[in-house]
Number of protein chains: 2
Amino acid sequence: MTDRSKSNPGEVQVALPPAFDAGLHFIGRIRTPWRSIADCPKNSGEADAICTIELDARYAPGLKDVETCTHLIALYWMGEAPRDMVVQQPKHYGVPHGVFALRSPARPNPIAMSVVTLLSADGATLRVRGLDCLDGTPLLDIKPYFASTDAKPDARVGWHDKRKGGS
Amino acid sequence: MTDRSKSNPGEVQVALPPAFDAGLHFIGRIRTPWRSIADCPKNSGEADAICTIELDARYAPGLKDVETCTHLIALYWMGEAPRDMVVQQPKHYGVPHGVFALRSPARPNPIAMSVVTLLSADGATLRVRGLDCLDGTPLLDIKPYFASTDAKPDARVGWHDKRKGGS
């Protein structure tokens, strides 16, 4: 995760609509070891720590059968990121990219998505691996990960591969 | 997609909080061949049709470099689904499951996630394969799909495998 509150050369900001179109409920909190953005792993691939997802009690019946899943999709809210930067230049990339070609938390709707490995489920608490967010991050959703539709092992992100010298 | 407006035996509804915690902007629309829920494919794995994602013009600069991606993650809003059904019994399953073990559009935050194959990008319009939603569905986000963190080909959903007679 990168601090996107300071704009860099090459970045593009847009005027956002004056009102929202829909509303979200925070349904729980994510507990991680990271208390500042500087401490967070750069992406969930580097996030080896065991984290916990604490679902609010009212939603706990919704976890029925989740324990039978090996992997889950977690959606969570990066609400402190700016929402108007449609072209961004994260410092570690050095050149600007469109927000929809980036996993930056700064986006028109700052919904982050991570695929996590489920380690255990106990009541309204899930122990998982694969998160990279700040401690206390609001949870939006949990979904079962279906390899049949969600796993695309041959997928490529061309601009990123090129940067690494890949084909 | 299943019509979840009618509750079935074994389902559990909860009281939702009286106010929202955050707001969303609809950033575009998804164009599909399906004009009613009954017409929609049951899941994106059965969705072979070519659909288009029409991003609002203000966000178009954010598509820079998206054309280099083979696959994208689309987040979209299933706002007509009930949000209070934490245990659900979709008709084609016959037994109740927790909402967080299902990909039902009826969930506390009705954000759907599909992995799509990018066929072409032209201005603010993307042609994709892999969507299963109604024509006109509001778009929330587009993200690049990174196989390194998003592809888990060995993932299992135990309750679903058991139903199919899998191991």
# chains A, B, ... in the order shown; residues from 1 in each chain; ligands from 1

$ residues_around --residues "Ala74 (chain A)" --least-positions-apart "6" --cutoff "6 Å" --atoms "only C-alpha atoms" --output "CSV table (one decimal) with N, CA and C atoms, in the first residue's frame"
chain,number,residue,atom,x,y,z
A,113,MET,N,-9.8,-5.6,-2.7
A,113,MET,CA,-10.1,-7.0,-2.8
A,113,MET,C,-8.9,-7.8,-2.6
A,114,SER,N,-8.9,-8.8,-1.7
A,114,SER,CA,-7.8,-9.7,-1.5
A,114,SER,C,-8.3,-11.1,-1.4
A,141,ASP,N,-17.3,-7.3,2.8
A,141,ASP,CA,-17.9,-8.5,2.3
A,141,ASP,C,-16.9,-9.7,2.4
A,142,ILE,N,-17.4,-10.9,2.5
A,142,ILE,CA,-16.6,-12.1,2.4
A,142,ILE,C,-17.4,-13.0,1.4

$ closest_atom_pairs --of "chain B" --to "chain A" --cutoff "6 Å" --atoms "only C-alpha atoms" --output "JSON lines"
{"residue": "B:Phe20", "atom": "CA", "partner": "A:His25", "partner_atom": "CA", "distance": 5.2}
{"residue": "B:Asp21", "atom": "CA", "partner": "A:His25", "partner_atom": "CA", "distance": 5.3}
{"residue": "B:Ala22", "atom": "CA", "partner": "A:Leu24", "partner_atom": "CA", "distance": 5.2}
{"residue": "B:Gly23", "atom": "CA", "partner": "A:Gly23", "partner_atom": "CA", "distance": 4.5}
{"residue": "B:Leu24", "atom": "CA", "partner": "A:Ala22", "partner_atom": "CA", "distance": 5.2}
{"residue": "B:His25", "atom": "CA", "partner": "A:Phe20", "partner_atom": "CA", "distance": 5.2}
{"residue": "B:Gly45", "atom": "CA", "partner": "A:Thr149", "partner_atom": "CA", "distance": 5.3}
{"residue": "B:Gly62", "atom": "CA", "partner": "A:Gly98", "partner_atom": "CA", "distance": 3.9}
{"residue": "B:Leu63", "atom": "CA", "partner": "A:Gly98", "partner_atom": "CA", "distance": 5.1}
{"residue": "B:Lys64", "atom": "CA", "partner": "A:Gly98", "partner_atom": "CA", "distance": 4.4}
{"residue": "B:Asp65", "atom": "CA", "partner": "A:Ala101", "partner_atom": "CA", "distance": 6.0}
{"residue": "B:Val66", "atom": "CA", "partner": "A:Ala101", "partner_atom": "CA", "distance": 4.9}
{"residue": "B:Thr68", "atom": "CA", "partner": "A:Gly158", "partner_atom": "CA", "distance": 4.5}
{"residue": "B:Cys69", "atom": "CA", "partner": "A:Val157", "partner_atom": "CA", "distance": 4.4}
{"residue": "B:Thr70", "atom": "CA", "partner": "A:Arg156", "partner_atom": "CA", "distance": 5.5}
{"residue": "B:His71", "atom": "CA", "partner": "A:Ala155", "partner_atom": "CA", "distance": 5.9}
{"residue": "B:Val86", "atom": "CA", "partner": "A:Gly62", "partner_atom": "CA", "distance": 4.4}
{"residue": "B:Val87", "atom": "CA", "partner": "A:Gly62", "partner_atom": "CA", "distance": 5.4}
{"residue": "B:His97", "atom": "CA", "partner": "A:Lys64", "partner_atom": "CA", "distance": 5.9}
{"residue": "B:Gly98", "atom": "CA", "partner": "A:Gly62", "partner_atom": "CA", "distance": 3.9}
{"residue": "B:Val99", "atom": "CA", "partner": "A:Gly62", "partner_atom": "CA", "distance": 4.8}
{"residue": "B:Phe100", "atom": "CA", "partner": "A:Lys143", "partner_atom": "CA", "distance": 5.1}
{"residue": "B:Ala101", "atom": "CA", "partner": "A:Val66", "partner_atom": "CA", "distance": 4.9}
{"residue": "B:Asn109", "atom": "CA", "partner": "A:Leu24", "partner_atom": "CA", "distance": 6.0}
{"residue": "B:Val115", "atom": "CA", "partner": "A:Asp150", "partner_atom": "CA", "distance": 5.9}
{"residue": "B:Ile142", "atom": "CA", "partner": "A:Phe100", "partner_atom": "CA", "distance": 5.3}
{"residue": "B:Lys143", "atom": "CA", "partner": "A:Phe100", "partner_atom": "CA", "distance": 5.1}
{"residue": "B:Pro144", "atom": "CA", "partner": "A:Ala101", "partner_atom": "CA", "distance": 5.2}
{"residue": "B:Ala147", "atom": "CA", "partner": "A:Pro153", "partner_atom": "CA", "distance": 5.1}
{"residue": "B:Thr149", "atom": "CA", "partner": "A:Gly45", "partner_atom": "CA", "distance": 5.3}
{"residue": "B:Asp150", "atom": "CA", "partner": "A:Val115", "partner_atom": "CA", "distance": 5.9}
{"residue": "B:Ala151", "atom": "CA", "partner": "A:Ala151", "partner_atom": "CA", "distance": 4.2}
{"residue": "B:Lys152", "atom": "CA", "partner": "A:Ala151", "partner_atom": "CA", "distance": 5.5}
{"residue": "B:Pro153", "atom": "CA", "partner": "A:Ala147", "partner_atom": "CA", "distance": 5.1}
{"residue": "B:Ala155", "atom": "CA", "partner": "A:Ala147", "partner_atom": "CA", "distance": 5.6}
{"residue": "B:Arg156", "atom": "CA", "partner": "A:Thr70", "partner_atom": "CA", "distance": 5.5}
{"residue": "B:Val157", "atom": "CA", "partner": "A:Cys69", "partner_atom": "CA", "distance": 4.4}
{"residue": "B:Gly158", "atom": "CA", "partner": "A:Thr68", "partner_atom": "CA", "distance": 4.5}

$ select_by_dssp --residues "chain B" --states "alpha helix (DSSP H)" --output "list in words"
Ala147, Ser148, Thr149, Asp150, Gly158, Trp159, His160, Asp161, Lys162 and Arg163 of chain B

$ atom_distance --atom1 "CA of Leu119 (chain B)" --atom2 "CA of Thr32 (chain B)"
14.7 Å

$ closest_residue --among "B:Glu11, B:Leu139, B:Pro82, B:Ile50" --to "Ser120 (chain B)" --atoms "only C-alpha atoms"
B:Ile50

$ atom_distance --atom1 "CA of Leu55 (chain B)" --atom2 "CA of Met78 (chain B)"
17.2 Å

$ atom_distance --atom1 "CA of Ala57 (chain A)" --atom2 "CA of Ala124 (chain A)"
6.5 Å

$ residues_around --residues "Asn8 (chain B)" --least-positions-apart "5" --cutoff "10 Å" --atoms "only C-alpha atoms" --output "compact mmCIF listing (two decimals) with N, CA, C and O atoms, in the first residue's frame"
# COMPACT_ATOMS: atom_id res chain seq x y z
N GLN B 88 -29.39 -18.17 3.47
CA GLN B 88 -30.22 -18.22 2.27
C GLN B 88 -30.31 -19.65 1.73
O GLN B 88 -29.39 -20.43 1.90
N GLN B 89 -31.41 -19.90 1.07
CA GLN B 89 -31.61 -21.21 0.47
C GLN B 89 -31.96 -21.03 -1.01
O GLN B 89 -33.13 -21.12 -1.38
N PRO B 90 -30.94 -20.78 -1.84
CA PRO B 90 -31.23 -20.67 -3.28
C PRO B 90 -31.93 -21.95 -3.75
O PRO B 90 -31.57 -23.05 -3.33
N LYS B 91 -32.91 -21.77 -4.61
CA LYS B 91 -33.75 -22.92 -4.99
C LYS B 91 -32.96 -24.07 -5.58
O LYS B 91 -33.28 -25.23 -5.36
N GLY B 94 -31.28 -26.20 -2.45
CA GLY B 94 -32.17 -27.03 -1.64
C GLY B 94 -31.89 -27.04 -0.16
O GLY B 94 -32.72 -27.47 0.62
N VAL B 95 -30.73 -26.59 0.28
CA VAL B 95 -30.43 -26.49 1.70
C VAL B 95 -29.87 -25.09 1.98
O VAL B 95 -29.28 -24.48 1.09
N PRO B 96 -30.04 -24.59 3.21
CA PRO B 96 -29.58 -23.23 3.49
C PRO B 96 -28.06 -23.13 3.68
O PRO B 96 -27.43 -24.05 4.21

$ select_by_dssp --residues "chain B" --states "strand (DSSP E or B)" --output "PyMOL selection string"
chain B and resi 12-13+22-24+28-31+50-55+69+71-77+85-88+97-98+111-122+125-129+137-144+157

$ residues_around --residues "Ala47 (chain A)" --least-positions-apart "5" --cutoff "10 Å" --atoms "only C-alpha atoms" --output "ChimeraX atom specification"
/A:40-42,116,129-133

$ residues_around --residues "Thr52 (chain B)" --least-positions-apart "4" --cutoff "9 Å" --atoms "only C-alpha atoms" --output "PyMOL selection string"
chain B and resi 29-32+125-129
